[in-house]
Structures are given as C-alpha cells and as structure tokens.
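Raw work_38.cif, mmCIF, C-alpha atoms:
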```cif
data_run
#
loop_
_atom_site.label_atom_id
_atom_site.label_comp_id
_atom_site.auth_asym_id
_atom_site.auth_seq_id
_atom_site.Cartn_x
_atom_site.Cartn_y
_atom_site.Cartn_z
CA MET A 1 -0.54 20.57 57.02
CA SER A 2 1.05 23.98 56.73
CA ASP A 3 -0.26 27.37 57.81
CA GLN A 4 -0.18 28.32 54.14
CA THR A 5 -2.48 25.41 53.27
CA THR A 6 -5.09 26.09 55.92
CA ARG A 7 -4.95 29.84 55.33
CA HIS A 8 -5.85 29.33 51.65
CA TRP A 9 -8.73 26.90 52.23
CA TRP A 10 -10.97 29.33 50.38
CA VAL A 11 -9.27 28.54 47.04
CA LEU A 12 -10.48 24.93 47.24
CA ALA A 13 -13.89 26.21 48.37
CA LEU A 14 -14.00 28.54 45.36
CA ARG A 15 -13.22 25.63 43.02
CA GLY A 16 -16.06 23.70 44.65
CA ILE A 17 -18.47 26.60 44.23
CA PHE A 18 -17.56 26.93 40.52
CA ALA A 19 -18.17 23.20 40.07
CA ILE A 20 -21.58 23.41 41.77
CA ILE A 21 -22.57 26.47 39.72
CA PHE A 22 -21.56 24.66 36.52
CA GLY A 23 -23.65 21.63 37.57
CA ILE A 24 -26.69 23.78 38.35
CA ILE A 25 -26.41 25.58 35.01
CA ALA A 26 -26.32 22.20 33.27
CA TRP A 27 -29.51 21.15 35.09
CA VAL A 28 -31.39 24.44 34.71
CA TRP A 29 -30.76 24.58 30.95
CA PRO A 30 -30.74 20.91 29.92
CA GLY A 31 -31.81 21.64 26.37
CA ILE A 32 -28.73 23.67 25.52
CA THR A 33 -26.96 22.88 22.30
CA VAL A 34 -23.78 20.86 22.09
CA TRP A 35 -21.90 24.02 21.18
CA ALA A 36 -23.11 25.82 24.31
CA LEU A 37 -22.25 22.75 26.38
CA VAL A 38 -18.74 22.75 24.94
CA VAL A 39 -18.27 26.44 25.79
CA VAL A 40 -19.66 26.12 29.33
CA PHE A 41 -17.60 23.02 30.02
CA ALA A 42 -14.48 24.62 28.51
CA VAL A 43 -14.82 27.65 30.77
CA TYR A 44 -15.32 25.42 33.82
CA ALA A 45 -12.30 23.25 32.95
CA LEU A 46 -10.14 26.34 32.30
CA VAL A 47 -11.11 28.08 35.56
CA ASP A 48 -10.65 24.91 37.60
CA GLY A 49 -7.33 24.21 35.87
CA VAL A 50 -6.02 27.73 36.47
CA PHE A 51 -6.90 27.54 40.17
CA ALA A 52 -5.24 24.13 40.49
CA VAL A 53 -2.05 25.34 38.77
CA GLY A 54 -2.07 28.45 40.97
CA GLN A 55 -2.31 26.27 44.07
CA ALA A 56 0.54 24.10 42.78
CA ILE A 57 2.78 27.11 42.14
CA ARG A 58 2.07 28.69 45.52
CA GLY A 59 2.05 25.36 47.36
CA THR A 60 -1.17 26.31 49.15
CA SER A 61 -3.04 23.03 48.84
CA GLY A 62 -0.81 20.74 50.90
CA ALA A 63 -0.90 18.27 48.02
CA PRO A 64 2.14 17.22 46.02
CA ARG A 65 2.72 20.14 43.69
CA GLY A 66 3.48 18.00 40.65
CA LEU A 67 0.21 16.09 40.86
CA LEU A 68 -1.82 19.23 41.41
CA ALA A 69 -0.09 20.96 38.49
CA LEU A 70 -0.81 17.93 36.29
CA VAL A 71 -4.52 18.07 37.22
CA GLY A 72 -4.55 21.79 36.49
CA PHE A 73 -2.78 21.53 33.15
CA ALA A 74 -5.11 18.67 32.12
CA GLY A 75 -8.11 20.90 32.82
CA ILE A 76 -6.58 23.84 30.96
CA ALA A 77 -5.68 21.63 27.98
CA LEU A 78 -9.19 20.19 27.83
CA GLY A 79 -10.74 23.66 28.09
CA VAL A 80 -8.54 25.00 25.28
CA ALA A 81 -9.24 21.94 23.12
CA ALA A 82 -12.98 22.31 23.63
CA LEU A 83 -12.85 26.01 22.69
CA ALA A 84 -10.67 25.31 19.65
CA TRP A 85 -13.19 22.76 18.29
CA PRO A 86 -16.62 24.31 18.99
CA GLY A 87 -18.31 22.16 16.38
CA ILE A 88 -17.35 19.01 18.27
CA THR A 89 -19.88 16.18 18.24
CA ALA A 90 -21.66 15.00 21.36
CA PHE A 91 -19.84 11.67 21.24
CA VAL A 92 -16.37 13.19 21.00
CA LEU A 93 -17.22 15.63 23.78
CA LEU A 94 -18.43 12.73 25.89
CA MET A 95 -15.17 10.82 25.35
CA LEU A 96 -13.08 13.92 26.20
CA ILE A 97 -15.07 14.47 29.38
CA ALA A 98 -14.82 10.78 30.31
CA ALA A 99 -11.04 10.79 29.84
CA TRP A 100 -10.70 13.99 31.85
CA ALA A 101 -12.92 12.64 34.65
CA VAL A 102 -10.90 9.42 34.96
CA ALA A 103 -7.52 11.19 34.81
CA THR A 104 -8.39 13.88 37.34
CA GLY A 105 -10.15 11.36 39.57
CA VAL A 106 -7.08 9.13 39.75
CA LEU A 107 -4.91 12.15 40.52
CA GLU A 108 -7.31 13.38 43.22
CA ILE A 109 -7.25 9.95 44.87
CA ALA A 110 -3.44 10.06 44.81
CA VAL A 111 -3.49 13.52 46.40
CA ALA A 112 -5.89 12.30 49.11
CA LEU A 113 -3.60 9.36 49.85
CA ALA A 114 -0.64 11.73 50.10
CA LEU A 115 -2.60 13.90 52.56
CA ARG A 116 -3.87 11.05 54.73
CA LYS A 117 -1.22 11.65 57.40
CA GLU A 118 -1.69 15.40 57.32
CA LEU A 119 -5.46 15.76 57.19
CA ARG A 120 -8.13 13.88 59.07
CA GLY A 121 -11.19 13.41 56.93
CA GLU A 122 -9.14 13.17 53.72
CA TRP A 123 -11.82 10.74 52.58
CA THR A 124 -13.87 13.74 51.41
CA TYR A 125 -11.16 14.61 48.89
CA ALA A 126 -10.70 10.94 47.97
CA LEU A 127 -14.47 10.74 47.46
CA THR A 128 -14.15 13.50 44.85
CA GLY A 129 -11.67 11.32 42.95
CA VAL A 130 -13.71 8.13 43.30
CA VAL A 131 -16.88 9.83 42.03
CA SER A 132 -14.94 11.29 39.12
CA VAL A 133 -13.39 7.92 38.16
CA ILE A 134 -16.73 6.10 38.38
CA PHE A 135 -18.38 8.79 36.30
CA GLY A 136 -15.67 8.60 33.63
CA ILE A 137 -15.84 4.81 33.45
CA LEU A 138 -19.63 4.91 33.14
CA LEU A 139 -19.34 7.40 30.29
CA PHE A 140 -16.84 5.17 28.48
CA ALA A 141 -18.95 2.04 29.06
CA TRP A 142 -22.29 3.65 28.25
CA PRO A 143 -21.80 6.29 25.55
CA VAL A 144 -24.97 8.28 25.86
CA SER A 145 -26.01 9.61 22.46
CA GLY A 146 -28.29 12.43 23.53
CA ALA A 147 -26.91 15.78 24.60
CA LEU A 148 -29.63 16.05 27.25
CA ALA A 149 -28.44 12.92 29.05
CA ILE A 150 -24.84 14.12 28.80
CA VAL A 151 -25.79 17.45 30.33
CA TRP A 152 -27.55 15.78 33.25
CA LEU A 153 -24.63 13.43 33.93
CA ILE A 154 -22.08 16.22 33.71
CA GLY A 155 -24.19 18.39 35.99
CA LEU A 156 -24.42 15.58 38.54
CA LEU A 157 -20.66 15.03 38.47
CA ALA A 158 -19.93 18.74 38.85
CA ILE A 159 -22.29 19.08 41.83
CA LEU A 160 -20.89 15.99 43.58
CA VAL A 161 -17.28 17.03 42.97
CA GLY A 162 -18.03 20.59 44.06
CA ALA A 163 -19.69 19.40 47.27
CA ALA A 164 -16.73 17.17 48.09
CA MET A 165 -14.31 20.07 47.45
CA LEU A 166 -16.35 22.33 49.73
CA GLY A 167 -16.31 19.66 52.45
CA ALA A 168 -12.53 19.34 52.22
CA ALA A 169 -12.07 23.13 52.17
CA PHE A 170 -14.12 23.67 55.31
CA ARG A 171 -12.25 20.83 57.00
CA MET A 172 -8.97 22.61 56.17
CA ARG A 173 -10.44 25.83 57.56
CA SER A 174 -11.40 24.18 60.85
CA ILE A 175 -7.92 22.64 61.16
CA GLY A 176 -6.40 26.09 60.65
CA HIS A 177 -8.67 27.64 63.27
CA ALA A 178 -7.87 24.85 65.73
CA ALA A 179 -4.15 25.42 65.19
CA GLU A 180 -4.58 29.16 65.79
CA ARG A 181 -6.49 28.49 69.05
CA ARG A 182 -3.66 26.24 70.22
CA GLY A 183 -1.33 29.15 69.61
CA GLY A 184 0.77 27.57 66.92
CA GLY A 185 0.81 26.95 63.26
CA THR A 186 0.38 23.66 61.55
CA SER A 187 3.23 21.42 60.59
CA PRO A 188 5.21 22.30 57.48
CA ALA A 189 5.45 18.60 56.53
CA ALA A 190 2.89 19.03 53.75
CA HIS A 191 5.40 20.79 51.48
CA TYR A 192 6.68 18.00 49.25
#
```
Please, can you express the file's structure as structure tokens?
Amino acid sequence: MSDQTTRHWWVLALRGIFAIIFGIIAWVWPGITVWALVVVFAVYALVDGVFAVGQAIRGTSGAPRGLLALVGFAGIALGVAALAWPGITAFVLLMLIAAWAVATGVLEIAVALALRKELRGEWTYALTGVVSVIFGILLFAWPVSGALAIVWLIGLLAILVGAAMLGAAFRMRSIGHAAERRGGGTSPAAHY
C-alpha cells in the first residue's frame, strides 16, 4: 500500500460517514415520499460517485483505478438518472437501487481481492461488497411495494456499507501510522 493511499484514508472515511448519514436520514424520516427518497438517494449516489472517481484519478485508494472509476461513474449515472426522473415509481426506484447495489458490491469485492496482498483486514472492504450484493439480490427477489419498507432497507444498507468503509479507512490510517513509526513509507506496489 502506498504512502498516498494511507495518507488519504480520510476520503474513504468521509464516504462511510456520508453513507451512515444517508441511512440515518432514511430511518428518522421513514414516511418520506418517493420523490424525496429519489432526491436523497440521488444526492448520496452522486457524492459517493464523485469521491470514488476522485480517488481513481488521484490513485489514493490503493485499488485498481479502473474498477474504482467504474464504481464512481455508476453512482454518478444513477444519481443523475434519479434526478432526471423525479416522478419515478417506487418499483422502478427499487430496481435501480438493486442493480446499483449488485454492481457496486461485485466491484467492491474485486477491489478487496486486489488489495488482499497489500492490506491486512481487507475483509472489511470485501464485507461492504458482500452486504451490497446480498441486499441487491434480496431487492430483486422480493420487490417490496411500500416506500416505507424500501426506505428501511436502503437505510440499513447505507449504514452497513458506511460502517464497513469506516472500518477499512481506519485500518488504512493505522497502517500509515505504523509505516511512519518504522521510519519508512509503504510499498508503492498498490499503484496498478
């Protein structure tokens, strides 16, 4: 893992915090309308996507840049699509979210596998992907008709994903501090 990666651990932590905040908002206001849900989710997907693309461009995550950029652009595209169609039905929103959860989950698992030689405890990042994939599959298999149930499920996913991102970020931070105490940087092998 590179010095650049461990030095920018806070970017992953910030993504995790945004995910947790989004999840809490979904739980605190479960009776929000589908339109409000679309807007809140769109903003979350856009912010998360922008951060992921930024990490890919700067190479600060240690993950393969192409995969991270793909995750980011998927989030941005979903956010833009949700904002462009604010009158979207609950079912269509559910299917969009399910597809996004599966796609980003698979990509996060791939990133965790790519980091397994560079980062001990990569399972926390892989867990983010696994939770996301399971959530997406459940949404496809069990299309919940009520917006309230959708809000609760989305909130749960966001909180779990955010917690896993925070765990991975703080692990990166501790690796960076350990490297500094040893008097050297980390290996540049993470730049693919």
Near-range 52-61 of chain A list (8 Å; all atoms listed in the file; drop same-chain fewer than 5 positions) as a VMD selection string: chain A and resid 4 to 6 8 to 9 11 to 12 66 68 to 73 191
The PyMOL selection byres ((chain A and resi 107) around 10) resolved against shown file, as an MDAnalysis selection string: chainID A and resid 67:68 70:71 101:106 108:113 126 129 133
Residue with smallest distance to Leu37 in chain A - pool A:Ile20, A:Leu160, A:Ile154, A:Phe51, counting only C-alpha atoms: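 Checking each candidate against Leu37 in chain A, we get A:Ile154 as the closest.
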Atom-to-atom span, CA of Ala163 in chain A and CA of Gly79 in chain A, Å: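 Between CA of Ala163 in chain A and CA of Gly79 in chain A the gap works out to 21.6 Å.
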Point-to-point distance from CA of Ala179 in chain A to CA of Leu119 in chain A, Å rounded to tenths: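 One can read the CA of Ala179 in chain A to CA of Leu119 in chain A distance as 12.6 Å.
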Distance in Å - CA of Trp10 in chain A versus CA of Asp48 in chain A: 13.5 Å
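Excluding Ile159 in chain A itself and same-chain residues fewer than 2 positions from it, the residues having an atom within 12 Å of it are Arg15, Gly16, Ile17, Phe18, Ala19, Ile20, Ile21, Phe22, Gly23, Ile24, Ile25, Ala26, Trp27, Thr128, Val131, Ser132, Trp152, Leu153, Ile154, Gly155, Leu156, Leu157, Val161, Gly162, Ala163, Ala164, Met165 and Leu166 of chain A, counting all atoms listed in the file.
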Got time to write the residues from that selection, C-alpha atoms, as a CSV table (one decimal), keeping the file's coordinate frame?
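Ended up saving to selection12.csv:
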```
chain,number,residue,atom,x,y,z
A,15,ARG,CA,-13.2,25.6,43.0
A,16,GLY,CA,-16.1,23.7,44.6
A,17,ILE,CA,-18.5,26.6,44.2
A,18,PHE,CA,-17.6,26.9,40.5
A,19,ALA,CA,-18.2,23.2,40.1
A,20,ILE,CA,-21.6,23.4,41.8
A,21,ILE,CA,-22.6,26.5,39.7
A,22,PHE,CA,-21.6,24.7,36.5
A,23,GLY,CA,-23.6,21.6,37.6
A,24,ILE,CA,-26.7,23.8,38.4
A,25,ILE,CA,-26.4,25.6,35.0
A,26,ALA,CA,-26.3,22.2,33.3
A,27,TRP,CA,-29.5,21.2,35.1
A,128,THR,CA,-14.2,13.5,44.8
A,131,VAL,CA,-16.9,9.8,42.0
A,132,SER,CA,-14.9,11.3,39.1
A,152,TRP,CA,-27.6,15.8,33.2
A,153,LEU,CA,-24.6,13.4,33.9
A,154,ILE,CA,-22.1,16.2,33.7
A,155,GLY,CA,-24.2,18.4,36.0
A,156,LEU,CA,-24.4,15.6,38.5
A,157,LEU,CA,-20.7,15.0,38.5
A,161,VAL,CA,-17.3,17.0,43.0
A,162,GLY,CA,-18.0,20.6,44.1
A,163,ALA,CA,-19.7,19.4,47.3
A,164,ALA,CA,-16.7,17.2,48.1
A,165,MET,CA,-14.3,20.1,47.4
A,166,LEU,CA,-16.4,22.3,49.7
```
Expected axis-aligned box over every listed atom of range 56-74 of chain A, 8 Å added per side, centre plus edges in Å to one decimal, as JSON:
```
{"center_x": -0.8, "center_y": 22.4, "center_z": 41.5, "size_x": 24.6, "size_y": 28.6, "size_z": 34.8}
```
C-alpha atoms of range 77-168 of chain A from block above, as a PDB file, in the first residue's frame:
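Output contents, as saved in decode.pdb:
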```pdb
ATOM      1  CA  ALA A  77     -25.014   7.883 -13.536  1.00  0.00           C
ATOM      2  CA  LEU A  78     -27.583   6.524 -11.103  1.00  0.00           C
ATOM      3  CA  GLY A  79     -27.721   9.837  -9.232  1.00  0.00           C
ATOM      4  CA  VAL A  80     -28.225  11.799 -12.456  1.00  0.00           C
ATOM      5  CA  ALA A  81     -30.867   9.333 -13.680  1.00  0.00           C
ATOM      6  CA  ALA A  82     -32.757   9.583 -10.399  1.00  0.00           C
ATOM      7  CA  LEU A  83     -32.705  13.394 -10.531  1.00  0.00           C
ATOM      8  CA  ALA A  84     -33.764  13.432 -14.188  1.00  0.00           C
ATOM      9  CA  TRP A  85     -36.841  11.280 -13.417  1.00  0.00           C
ATOM     10  CA  PRO A  86     -38.173  12.624 -10.096  1.00  0.00           C
ATOM     11  CA  GLY A  87     -41.612  11.151 -10.681  1.00  0.00           C
ATOM     12  CA  ILE A  88     -40.160   7.640 -10.745  1.00  0.00           C
ATOM     13  CA  THR A  89     -42.294   4.906  -9.204  1.00  0.00           C
ATOM     14  CA  ALA A  90     -41.260   3.023  -6.095  1.00  0.00           C
ATOM     15  CA  PHE A  91     -40.824  -0.187  -8.069  1.00  0.00           C
ATOM     16  CA  VAL A  92     -38.551   1.346 -10.699  1.00  0.00           C
ATOM     17  CA  LEU A  93     -36.529   3.061  -7.977  1.00  0.00           C
ATOM     18  CA  LEU A  94     -36.224  -0.256  -6.179  1.00  0.00           C
ATOM     19  CA  MET A  95     -34.944  -1.987  -9.326  1.00  0.00           C
ATOM     20  CA  LEU A  96     -32.420   0.819  -9.986  1.00  0.00           C
ATOM     21  CA  ILE A  97     -31.155   0.607  -6.420  1.00  0.00           C
ATOM     22  CA  ALA A  98     -30.976  -3.197  -6.589  1.00  0.00           C
ATOM     23  CA  ALA A  99     -28.959  -3.083  -9.818  1.00  0.00           C
ATOM     24  CA  TRP A 100     -26.635  -0.443  -8.384  1.00  0.00           C
ATOM     25  CA  ALA A 101     -26.158  -2.414  -5.148  1.00  0.00           C
ATOM     26  CA  VAL A 102     -25.249  -5.622  -7.006  1.00  0.00           C
ATOM     27  CA  ALA A 103     -22.914  -3.866  -9.470  1.00  0.00           C
ATOM     28  CA  THR A 104     -21.053  -1.851  -6.857  1.00  0.00           C
ATOM     29  CA  GLY A 105     -20.930  -4.820  -4.491  1.00  0.00           C
ATOM     30  CA  VAL A 106     -19.279  -7.034  -7.102  1.00  0.00           C
ATOM     31  CA  LEU A 107     -16.780  -4.288  -7.886  1.00  0.00           C
ATOM     32  CA  GLU A 108     -16.012  -3.725  -4.190  1.00  0.00           C
ATOM     33  CA  ILE A 109     -15.360  -7.447  -3.731  1.00  0.00           C
ATOM     34  CA  ALA A 110     -12.999  -7.328  -6.727  1.00  0.00           C
ATOM     35  CA  VAL A 111     -11.182  -4.345  -5.209  1.00  0.00           C
ATOM     36  CA  ALA A 112     -10.866  -6.161  -1.862  1.00  0.00           C
ATOM     37  CA  LEU A 113      -9.411  -9.199  -3.629  1.00  0.00           C
ATOM     38  CA  ALA A 114      -6.932  -6.959  -5.441  1.00  0.00           C
ATOM     39  CA  LEU A 115      -5.892  -5.422  -2.092  1.00  0.00           C
ATOM     40  CA  ARG A 116      -5.578  -8.707  -0.200  1.00  0.00           C
ATOM     41  CA  LYS A 117      -1.781  -8.752  -0.551  1.00  0.00           C
ATOM     42  CA  GLU A 118      -1.446  -5.086   0.318  1.00  0.00           C
ATOM     43  CA  LEU A 119      -3.845  -4.710   3.231  1.00  0.00           C
ATOM     44  CA  ARG A 120      -4.437  -6.970   6.183  1.00  0.00           C
ATOM     45  CA  GLY A 121      -8.064  -6.921   7.190  1.00  0.00           C
ATOM     46  CA  GLU A 122      -9.252  -6.402   3.609  1.00  0.00           C
ATOM     47  CA  TRP A 123     -12.243  -8.489   4.647  1.00  0.00           C
ATOM     48  CA  THR A 124     -13.862  -5.296   5.961  1.00  0.00           C
ATOM     49  CA  TYR A 125     -13.907  -3.863   2.450  1.00  0.00           C
ATOM     50  CA  ALA A 126     -14.992  -7.209   0.990  1.00  0.00           C
ATOM     51  CA  LEU A 127     -17.782  -7.280   3.580  1.00  0.00           C
ATOM     52  CA  THR A 128     -19.046  -3.986   2.155  1.00  0.00           C
ATOM     53  CA  GLY A 129     -19.334  -5.652  -1.253  1.00  0.00           C
ATOM     54  CA  VAL A 130     -20.934  -8.830   0.076  1.00  0.00           C
ATOM     55  CA  VAL A 131     -23.567  -6.881   2.023  1.00  0.00           C
ATOM     56  CA  SER A 132     -24.288  -4.775  -1.044  1.00  0.00           C
ATOM     57  CA  VAL A 133     -24.665  -7.823  -3.337  1.00  0.00           C
ATOM     58  CA  ILE A 134     -26.927  -9.646  -0.867  1.00  0.00           C
ATOM     59  CA  PHE A 135     -29.040  -6.536  -0.456  1.00  0.00           C
ATOM     60  CA  GLY A 136     -29.393  -6.097  -4.218  1.00  0.00           C
ATOM     61  CA  ILE A 137     -30.337  -9.737  -4.753  1.00  0.00           C
ATOM     62  CA  LEU A 138     -32.931  -9.562  -1.976  1.00  0.00           C
ATOM     63  CA  LEU A 139     -34.447  -6.467  -3.565  1.00  0.00           C
ATOM     64  CA  PHE A 140     -34.667  -8.212  -6.945  1.00  0.00           C
ATOM     65  CA  ALA A 141     -36.119 -11.391  -5.409  1.00  0.00           C
ATOM     66  CA  TRP A 142     -38.532  -9.626  -3.060  1.00  0.00           C
ATOM     67  CA  PRO A 143     -39.780  -6.430  -4.706  1.00  0.00           C
ATOM     68  CA  VAL A 144     -41.172  -4.561  -1.751  1.00  0.00           C
ATOM     69  CA  SER A 145     -44.146  -2.470  -2.818  1.00  0.00           C
ATOM     70  CA  GLY A 146     -44.251   0.029   0.021  1.00  0.00           C
ATOM     71  CA  ALA A 147     -41.952   3.031   0.087  1.00  0.00           C
ATOM     72  CA  LEU A 148     -41.606   2.673   3.866  1.00  0.00           C
ATOM     73  CA  ALA A 149     -40.074  -0.796   3.578  1.00  0.00           C
ATOM     74  CA  ILE A 150     -37.784   0.417   0.791  1.00  0.00           C
ATOM     75  CA  VAL A 151     -36.603   3.297   2.949  1.00  0.00           C
ATOM     76  CA  TRP A 152     -35.803   0.986   5.861  1.00  0.00           C
ATOM     77  CA  LEU A 153     -33.893  -1.462   3.649  1.00  0.00           C
ATOM     78  CA  ILE A 154     -31.951   1.301   1.939  1.00  0.00           C
ATOM     79  CA  GLY A 155     -31.142   2.874   5.299  1.00  0.00           C
ATOM     80  CA  LEU A 156     -29.878  -0.459   6.614  1.00  0.00           C
ATOM     81  CA  LEU A 157     -27.673  -0.977   3.562  1.00  0.00           C
ATOM     82  CA  ALA A 158     -26.244   2.531   3.772  1.00  0.00           C
ATOM     83  CA  ILE A 159     -25.408   2.165   7.472  1.00  0.00           C
ATOM     84  CA  LEU A 160     -23.768  -1.248   6.996  1.00  0.00           C
ATOM     85  CA  VAL A 161     -21.780  -0.106   3.961  1.00  0.00           C
ATOM     86  CA  GLY A 162     -20.765   3.101   5.737  1.00  0.00           C
ATOM     87  CA  ALA A 163     -19.595   1.192   8.814  1.00  0.00           C
ATOM     88  CA  ALA A 164     -17.532  -1.176   6.674  1.00  0.00           C
ATOM     89  CA  MET A 165     -15.970   1.789   4.823  1.00  0.00           C
ATOM     90  CA  LEU A 166     -15.098   3.455   8.134  1.00  0.00           C
ATOM     91  CA  GLY A 167     -13.504   0.222   9.367  1.00  0.00           C
ATOM     92  CA  ALA A 168     -11.377  -0.045   6.234  1.00  0.00           C
TER      93      ALA A 168
END
```
